[in-house]
file model39.csv (CSV, C-alpha atoms)
chain,number,residue,atom,x,y,z
A,13,VAL,CA,0.0,0.0,0.0
A,14,LYS,CA,1.4,3.4,-1.0
A,15,ILE,CA,0.9,6.0,1.8
A,16,PRO,CA,2.0,9.7,1.5
A,17,ILE,CA,3.9,11.1,4.4
A,18,THR,CA,1.1,13.5,5.1
A,19,ASN,CA,-2.5,14.1,4.1
A,20,THR,CA,-3.5,17.1,2.1
A,21,LYS,CA,-4.0,19.1,5.3
A,22,GLY,CA,-0.3,18.5,6.3
A,23,GLU,CA,-1.2,16.0,9.0
A,24,SER,CA,1.4,13.3,9.5
A,25,SER,CA,0.7,9.8,8.4
A,26,VAL,CA,3.2,8.3,10.7
A,27,ALA,CA,0.6,6.9,13.2
A,28,LEU,CA,-1.3,5.3,10.3
A,29,VAL,CA,2.0,3.9,8.9
A,30,ARG,CA,2.8,2.4,12.3
A,31,ARG,CA,-0.7,0.8,12.6
A,32,LEU,CA,-0.6,-0.7,9.1
A,33,ALA,CA,3.0,-2.0,9.5
A,34,GLN,CA,2.1,-3.6,12.9
A,35,ALA,CA,-0.9,-5.2,11.1
A,36,GLY,CA,1.6,-6.8,8.6
A,37,VAL,CA,0.7,-4.5,5.6
A,38,LYS,CA,3.7,-4.0,3.3
A,39,LEU,CA,4.0,-0.3,2.6
A,40,ASN,CA,5.6,2.2,0.3
A,41,VAL,CA,5.7,5.5,2.3
A,42,THR,CA,6.1,8.2,-0.3
A,43,ALA,CA,6.7,11.9,-0.8
A,44,LEU,CA,9.3,12.2,1.9
A,45,LEU,CA,11.8,15.1,1.7
A,46,PRO,CA,13.6,16.0,5.0
A,47,LEU,CA,15.5,13.6,7.1
A,48,ASP,CA,13.2,13.9,10.1
A,49,GLN,CA,10.5,12.3,7.9
A,50,VAL,CA,12.8,9.4,7.1
A,51,ARG,CA,13.6,8.9,10.8
A,52,ASP,CA,10.0,9.0,11.8
A,53,VAL,CA,8.8,6.7,9.0
A,54,SER,CA,11.6,4.2,9.6
A,55,ALA,CA,10.8,4.0,13.3
A,56,ALA,CA,7.1,3.5,12.4
A,57,LEU,CA,8.0,0.7,10.0
A,58,ALA,CA,10.4,-1.0,12.4
A,59,GLY,CA,8.1,-3.8,13.6
A,60,GLY,CA,6.5,-4.5,10.3
A,61,PRO,CA,7.2,-6.4,7.1
A,62,SER,CA,9.6,-5.3,4.4
A,63,ALA,CA,8.7,-1.8,3.1
A,64,PHE,CA,9.9,1.1,1.0
A,65,VAL,CA,10.8,4.6,2.0
A,66,SER,CA,10.5,6.9,-1.0
A,67,VAL,CA,12.4,10.1,-0.8
A,68,PHE,CA,11.8,12.6,-3.6
A,69,ALA,CA,15.4,13.5,-4.3
A,70,GLY,CA,14.5,15.3,-7.5
A,71,ARG,CA,12.1,17.7,-5.7
A,72,ILE,CA,14.9,18.3,-3.1
A,73,ALA,CA,17.2,19.3,-6.0
A,74,ASP,CA,14.4,21.5,-7.4
A,75,THR,CA,14.8,23.7,-4.2
A,76,GLY,CA,18.5,24.2,-5.0
A,77,VAL,CA,19.7,21.7,-2.4
A,78,ASP,CA,22.0,18.9,-3.4
A,79,PRO,CA,20.1,15.7,-2.6
A,80,LEU,CA,23.1,13.4,-2.5
A,81,PRO,CA,24.2,14.1,1.1
A,82,LEU,CA,20.6,13.8,2.3
A,83,MET,CA,20.1,10.5,0.4
A,84,ALA,CA,23.3,9.1,1.9
A,85,ALA,CA,22.1,10.1,5.3
A,86,ALA,CA,18.8,8.4,4.7
A,87,LEU,CA,20.6,5.2,3.8
A,88,GLU,CA,22.5,5.4,7.1
A,89,ILE,CA,19.2,5.7,9.0
A,90,LEU,CA,17.8,2.7,7.1
A,91,LYS,CA,20.8,0.6,8.0
A,92,MET,CA,19.2,0.1,11.4
A,93,TYR,CA,16.2,-1.4,9.6
A,94,PRO,CA,17.4,-4.1,7.2
A,95,HIS,CA,13.9,-4.8,6.0
A,96,LEU,CA,13.5,-1.3,4.6
A,97,GLU,CA,14.6,-0.1,1.2
A,98,LEU,CA,15.3,3.4,0.1
A,99,ILE,CA,13.8,4.7,-3.2
A,100,TRP,CA,15.5,7.6,-4.9
A,101,ALA,CA,12.3,9.1,-6.4
A,102,SER,CA,11.8,11.7,-9.0
A,103,PRO,CA,15.3,11.9,-10.5
A,104,ARG,CA,15.8,14.8,-12.8
A,105,GLU,CA,18.8,13.7,-14.8
A,106,LEU,CA,21.0,10.7,-15.7
A,107,LEU,CA,23.6,11.8,-13.2
A,108,ASN,CA,21.0,11.0,-10.4
A,109,ILE,CA,21.1,7.3,-11.4
A,110,VAL,CA,24.9,7.3,-11.1
A,111,GLN,CA,24.7,9.1,-7.8
A,112,ALA,CA,22.1,6.7,-6.4
A,113,ASP,CA,24.3,3.8,-7.5
A,114,GLU,CA,27.4,5.2,-6.0
A,115,ILE,CA,25.8,5.6,-2.5
A,116,GLY,CA,24.2,2.1,-2.7
A,117,CYS,CA,20.6,3.3,-2.9
A,118,HIS,CA,18.3,0.3,-3.2
A,119,ILE,CA,15.8,1.5,-5.9
A,120,VAL,CA,15.7,4.4,-8.4
A,121,THR,CA,12.5,5.4,-10.1
A,122,VAL,CA,13.3,6.5,-13.7
A,123,THR,CA,11.3,8.3,-16.4
A,124,THR,CA,11.5,7.2,-20.0
A,125,ASP,CA,13.2,10.5,-20.9
A,126,ILE,CA,16.1,9.6,-18.5
A,127,LEU,CA,16.2,6.0,-19.7
A,128,LYS,CA,16.7,7.2,-23.3
A,129,LYS,CA,19.9,8.9,-22.1
A,130,LEU,CA,21.6,5.7,-20.8
A,131,ALA,CA,23.6,5.3,-24.0
A,132,LEU,CA,25.3,8.6,-23.1
A,133,LEU,CA,27.0,7.0,-20.0
A,134,GLY,CA,30.8,7.2,-20.5
A,135,LYS,CA,30.5,9.0,-23.8
A,136,ASP,CA,33.6,10.9,-24.9
A,137,LEU,CA,33.1,14.5,-24.1
A,138,HIS,CA,35.0,15.7,-27.2
A,139,ASP,CA,32.8,13.6,-29.4
A,140,TYR,CA,29.7,14.9,-27.7
A,141,SER,CA,30.9,18.5,-28.1
A,142,LEU,CA,31.3,18.0,-31.8
A,143,GLU,CA,27.9,16.4,-32.1
A,144,THR,CA,26.4,19.3,-30.2
A,145,VAL,CA,28.0,21.8,-32.6
A,146,LYS,CA,26.8,19.8,-35.6
A,147,MET,CA,23.3,19.8,-34.1
A,148,PHE,CA,23.5,23.6,-33.8
A,149,HIS,CA,24.5,23.8,-37.5
A,150,GLN,CA,21.7,21.6,-38.6
A,151,ASP,CA,19.2,23.6,-36.6
A,152,ALA,CA,20.4,26.8,-38.3
A,153,VAL,CA,20.2,25.3,-41.7
A,154,LYS,CA,16.7,24.1,-41.1
A,155,SER,CA,15.7,27.6,-40.0
A,156,GLY,CA,16.9,28.9,-43.4
A,157,PHE,CA,20.1,30.6,-42.3
A,158,VAL,CA,22.9,30.5,-44.8
A,159,LEU,CA,26.2,29.6,-43.1
call {"tool": "encode", "arguments": {"input": "model39.csv", "output": "structure tokens"}}
result
Amino acid sequence: VKIPITNTKGESSVALVRRLAQAGVKLNVTALLPLDQVRDVSAALAGGPSAFVSVFAGRIADTGVDPLPLMAAALEILKMYPHLELIWASPRELLNIVQADEIGCHIVTVTTDILKKLALLGKDLHDYSLETVKMFHQDAVKSGFVL
């Protein structure tokens, strides 16, 4: 069962998460951002079955905050609860997949747009630079500019 960290009134779902976990319901607690939410949810899930803690790293990045240290800290919190898995949710770029892998994040949700970029991993930057310049040239020609 997927449960957001709060309801639309901003009221915490932690008590509900605790009751459901104690009843044996497998949960995905979602829309977490700050570490206090990770701590509270992890403790609430402690006595239950395996579960997922879904931290929206992409939304953290949208606020101008580097999500990597926060996600690494979330993993440290979850080490006390081996039945819990961290989801790196809402990645914004291919780099986020690399970052999630480097810190040992359990799961990454990935959009089709990002999956299409997987072929770029390890691409030579000189080659990519030249391809970019050629793309600019093609765009100019298509626009009717004479170069």
call {"tool": "residues_around", "arguments": {"input": "model39.csv", "residues": "Gly60 of chain A", "least_positions_apart": "2", "cutoff": "6 Å", "atoms": "all atoms listed in the file", "output": "list in words"}}
result
Ala33, Gln34, Gly36, Leu57 and Ala58 of chain A
call {"tool": "residues_around", "arguments": {"input": "model39.csv", "residues": "segment 42-55 of chain A", "least_positions_apart": "5", "cutoff": "12 Å", "atoms": "only C-alpha atoms", "output": "number ranges by chain"}}
result
A: 13-20, 22, 24-34, 60-75, 77, 79, 81-102
call {"tool": "atom_distance", "arguments": {"input": "model39.csv", "atom1": "atom CA of Ser141 of chain A", "atom2": "atom CA of Thr121 of chain A"}}
result
28.9 Å
call {"tool": "closest_residue", "arguments": {"input": "model39.csv", "among": "A:Leu106, A:His118, A:Val41, A:Glu23", "to": "Gly134 of chain A", "atoms": "all atoms listed in the file"}}
result
A:Leu106
call {"tool": "closest_residue", "arguments": {"input": "model39.csv", "among": "A:Ala56, A:Thr144, A:Leu80, A:Leu159", "to": "Asp113 of chain A", "atoms": "only C-alpha atoms"}}
result
A:Leu80
